[in-house]
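The block underneath contains the structure these notes are about, expressed in structure tokens.
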Amino acid sequence: MKKVIAISLIAVIAGLVTLSFRTESTKKTNYPSSVKDSVGSVKAFMSVYKVLMSARCMNCHPSGDAPLQGDDNHIHAMNIKRGTDGKGIYSVRCSNCHQAENTAGLHMPPGNLKWGLPPANMRMVFQGRTRHQLALQLLDPKQNGGRTKAQLIDHMANDDLVGWAWHPGDGRTLPPLTRPALVAQVRLWIAKGAYAPSAKAK
Amino acid sequence: MISITVNGQHHDIDADPNMPLLWVLRDILGLTGTKFGCGAAQCGACTVHLNGEAVRSCVTKINRAAGQNIVTIEGLSDNNNHPLQLAWNEISVPQCGYCQSGQIMSAAVLLRENPNPTDQDIDDAMSGNICRCGTYQRIRSAIHKAAAMQPEGAKL
């Protein structure tokens, strides 16, 4: 009898130890879920907004059909146009000047293999959007390039052209947060319920 | 060695892969029709075709052109008889002429993609090519003239 009790005791302890090593919850989501918290969610989005409205992000998400340049967001010299695919038109295609990497030197063309604007049928405008508008737009697959929330996080975290913003080349300021800090705020915004700031919020 | 094809001819170039294509064309291959203007992709004087696109050769490194097809002003036509060259001659477009090979190379891409461009199309396509003499009106007229010269459905 004693043997049986000892064996079952060992089995129970072994089972408990095994369970304690399980870190993942059984319910899997693509983004960390936590309790909904509209105040915390909106607060996180405020930080995200600051980054998206910085020159490195907004200059390629303009309200018009021309890209923007510089920290003052002036319209791109040379009358550059978006074109249907977002890569320019005729003899003024983006990659005619913008190489796969930054060209060294002040005022030289920055570069990335994917250089371009969002396409004409999915313009994903940041310029002029309020916090409220931009939050709703980012969450709407019809306006965000068909992205789920998980894909939105992935875009911010891993997209190569997005990453250029933190390696913009000589003379260009960086976004106000580091990329990991931005991604953390995006995750937080979504995890806490992906709330949009009030339409009245400035 | 970097292999490139320029105006239909194959060349093996022994140069730093970071050398601008413009230097290769002018200094190594002796094709001096393409000009150095600003060196920063802001003026268009160095425009050549890389696989048919009007790239600025001053900022395009030779390693991007490796194995690719390049056409310069010297190779645009066999006998300087591309409709744009004929129209350019007829209207006497150039003043000093420095920017003109770049202008023609850009215009050739426009006409290939849009055989009957409007004034607006021309402005949109040619705005990356600056002419310090201000020959813009004649450039525009010559592009219209070249468009009219093309036989129906001709591929440029």
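Note on naming: chains are A, B, ... as they come in the structure tokens, residues start from 1 per chain, ligands start from 1 in the order shown.
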
Could you list, as a ChimeraX atom specification, the residues of chain A having an atom within 8 Å of chain B when counting only C-alpha atoms? /A:78-81,89-93,95-97,99,103,107-109

Where does DSSP see strand (DSSP E) in chain B, if you list the residues as an MDAnalysis selection string? chainID B and resid 2:6 9:13 47:50 53:56 69:71

Expected file: the selected residues, N, CA and C atoms, as a tab-separated table (two decimals), in the first residue's frame:
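Written file, again.tsv:
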```
chain	number	residue	atom	x	y	z
B	2	ILE	N	32.73	43.06	-64.13
B	2	ILE	CA	31.28	43.20	-64.15
B	2	ILE	C	30.85	43.27	-65.62
B	3	SER	N	29.94	42.36	-65.97
B	3	SER	CA	29.46	42.32	-67.36
B	3	SER	C	28.26	43.23	-67.53
B	4	ILE	N	28.31	44.09	-68.51
B	4	ILE	CA	27.14	44.89	-68.85
B	4	ILE	C	26.97	44.92	-70.36
B	5	THR	N	25.75	45.15	-70.79
B	5	THR	CA	25.49	45.32	-72.22
B	5	THR	C	25.11	46.77	-72.45
B	6	VAL	N	25.89	47.44	-73.29
B	6	VAL	CA	25.62	48.85	-73.58
B	6	VAL	C	25.38	49.00	-75.07
B	9	GLN	N	26.13	46.05	-77.15
B	9	GLN	CA	27.47	45.45	-77.10
B	9	GLN	C	27.81	45.02	-75.68
B	10	HIS	N	28.40	43.83	-75.60
B	10	HIS	CA	28.76	43.29	-74.30
B	10	HIS	C	30.12	43.84	-73.86
B	11	HIS	N	30.20	44.24	-72.58
B	11	HIS	CA	31.48	44.74	-72.06
B	11	HIS	C	31.75	44.08	-70.71
B	12	ASP	N	33.01	43.73	-70.47
B	12	ASP	CA	33.43	43.30	-69.14
B	12	ASP	C	34.19	44.47	-68.52
B	13	ILE	N	33.64	44.97	-67.44
B	13	ILE	CA	34.20	46.18	-66.83
B	13	ILE	C	35.01	45.81	-65.59
B	47	THR	N	20.66	60.87	-67.69
B	47	THR	CA	19.64	59.83	-67.88
B	47	THR	C	20.01	58.85	-68.99
B	48	VAL	N	20.00	57.57	-68.67
B	48	VAL	CA	20.17	56.50	-69.67
B	48	VAL	C	19.08	55.46	-69.40
B	49	HIS	N	18.94	54.52	-70.29
B	49	HIS	CA	17.95	53.46	-70.07
B	49	HIS	C	18.61	52.23	-69.47
B	50	LEU	N	18.09	51.79	-68.34
B	50	LEU	CA	18.52	50.53	-67.74
B	50	LEU	C	17.32	49.59	-67.82
B	53	GLU	N	14.18	51.57	-68.38
B	53	GLU	CA	13.78	52.63	-67.43
B	53	GLU	C	14.80	53.75	-67.44
B	54	ALA	N	14.31	54.99	-67.28
B	54	ALA	CA	15.16	56.17	-67.43
B	54	ALA	C	15.95	56.46	-66.14
B	55	VAL	N	16.95	55.66	-65.85
B	55	VAL	CA	17.68	55.83	-64.59
B	55	VAL	C	18.69	56.98	-64.69
B	56	ARG	N	18.98	57.55	-63.51
B	56	ARG	CA	20.00	58.60	-63.41
B	56	ARG	C	21.33	57.89	-63.16
B	69	ASN	N	20.78	45.48	-69.32
B	69	ASN	CA	20.82	46.07	-70.64
B	69	ASN	C	20.75	47.59	-70.55
B	70	ILE	N	21.79	48.26	-71.03
B	70	ILE	CA	21.83	49.73	-70.94
B	70	ILE	C	21.79	50.31	-72.35
B	71	VAL	N	21.01	51.38	-72.49
B	71	VAL	CA	21.01	52.11	-73.75
B	71	VAL	C	21.32	53.57	-73.44
```

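Those residues that approach Ile143 (chain B) to within 9 Å, counting only C-alpha atoms, are B:Pro83, B:Leu84, B:Ala87, B:Trp88, B:Ile104, B:Ala107, B:Ala108, B:Leu111, B:Pro117, B:Ile122, B:Arg138, B:Ile139, B:Arg140, B:Ala146, B:Ala147, B:Ala148; same-chain residues fewer than 3 positions away are not listed.
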
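Minimum distance to Leu136 (chain A) across A:Lys149, A:His98, A:Lys36, A:Arg179 (counting only C-alpha atoms) occurs at A:Lys149.
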
Write out as a PyMOL selection string the residues lying within 6 Å of Asn112 (chain A), counting only C-alpha atoms and excluding same-chain residues fewer than 2 positions away. chain A and resi 100-101+114-115

Generate the output file for the selected residues, N, CA and C atoms, as a tab-separated table (two decimals), in the first residue's frame.
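Written output follows (selection_9.tsv):
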```
chain	number	residue	atom	x	y	z
A	100	ALA	N	18.70	50.72	-54.28
A	100	ALA	CA	18.32	49.71	-53.29
A	100	ALA	C	18.80	50.09	-51.89
A	101	GLU	N	19.75	51.05	-51.83
A	101	GLU	CA	20.23	51.51	-50.53
A	101	GLU	C	20.41	53.02	-50.60
A	114	LYS	N	12.17	48.59	-51.94
A	114	LYS	CA	10.72	48.74	-52.07
A	114	LYS	C	10.29	50.20	-52.16
A	115	TRP	N	11.25	51.11	-52.41
A	115	TRP	CA	10.94	52.54	-52.36
A	115	TRP	C	9.69	52.89	-53.16
```

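Summary of the local environment: counting only C-alpha atoms, residues at most 9 Å from Trp23 (chain B), other than itself and those fewer than 2 positions away along its chain, are Met19, Pro20, Leu21, Leu25, Arg26, Asp27, Ile28, Leu29, Phe36, Ser57, Cys58 and Ile62 of chain B.
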
Write to file, as a PDB file, in the first residue's frame, the residues of the selection just made, with C-alpha atoms.
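Generated output (out_15.pdb):
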```
ATOM      1  CA  MET B  19      31.512  53.203 -59.334  1.00  0.00           C
ATOM      2  CA  PRO B  20      28.636  55.232 -60.796  1.00  0.00           C
ATOM      3  CA  LEU B  21      27.415  53.871 -64.116  1.00  0.00           C
ATOM      4  CA  LEU B  25      29.982  55.014 -69.660  1.00  0.00           C
ATOM      5  CA  ARG B  26      32.009  58.193 -70.062  1.00  0.00           C
ATOM      6  CA  ASP B  27      35.465  57.390 -68.713  1.00  0.00           C
ATOM      7  CA  ILE B  28      35.839  53.696 -69.468  1.00  0.00           C
ATOM      8  CA  LEU B  29      33.662  53.191 -72.548  1.00  0.00           C
ATOM      9  CA  PHE B  36      27.386  64.833 -65.721  1.00  0.00           C
ATOM     10  CA  SER B  57      23.388  57.084 -64.100  1.00  0.00           C
ATOM     11  CA  CYS B  58      25.246  59.416 -61.716  1.00  0.00           C
ATOM     12  CA  ILE B  62      27.731  49.737 -61.764  1.00  0.00           C
TER      13      ILE B  62
END
```

When you look at Leu106 (chain A) with a cut-off of 10 Å (counting only C-alpha atoms), what residues show up, excluding the ones that are within fewer than 4 positions of it in the same chain? I need them as a list in words. Pro110, Gly169, Asp170, Gly171 and Arg172 of chain A; Ala40 of chain B
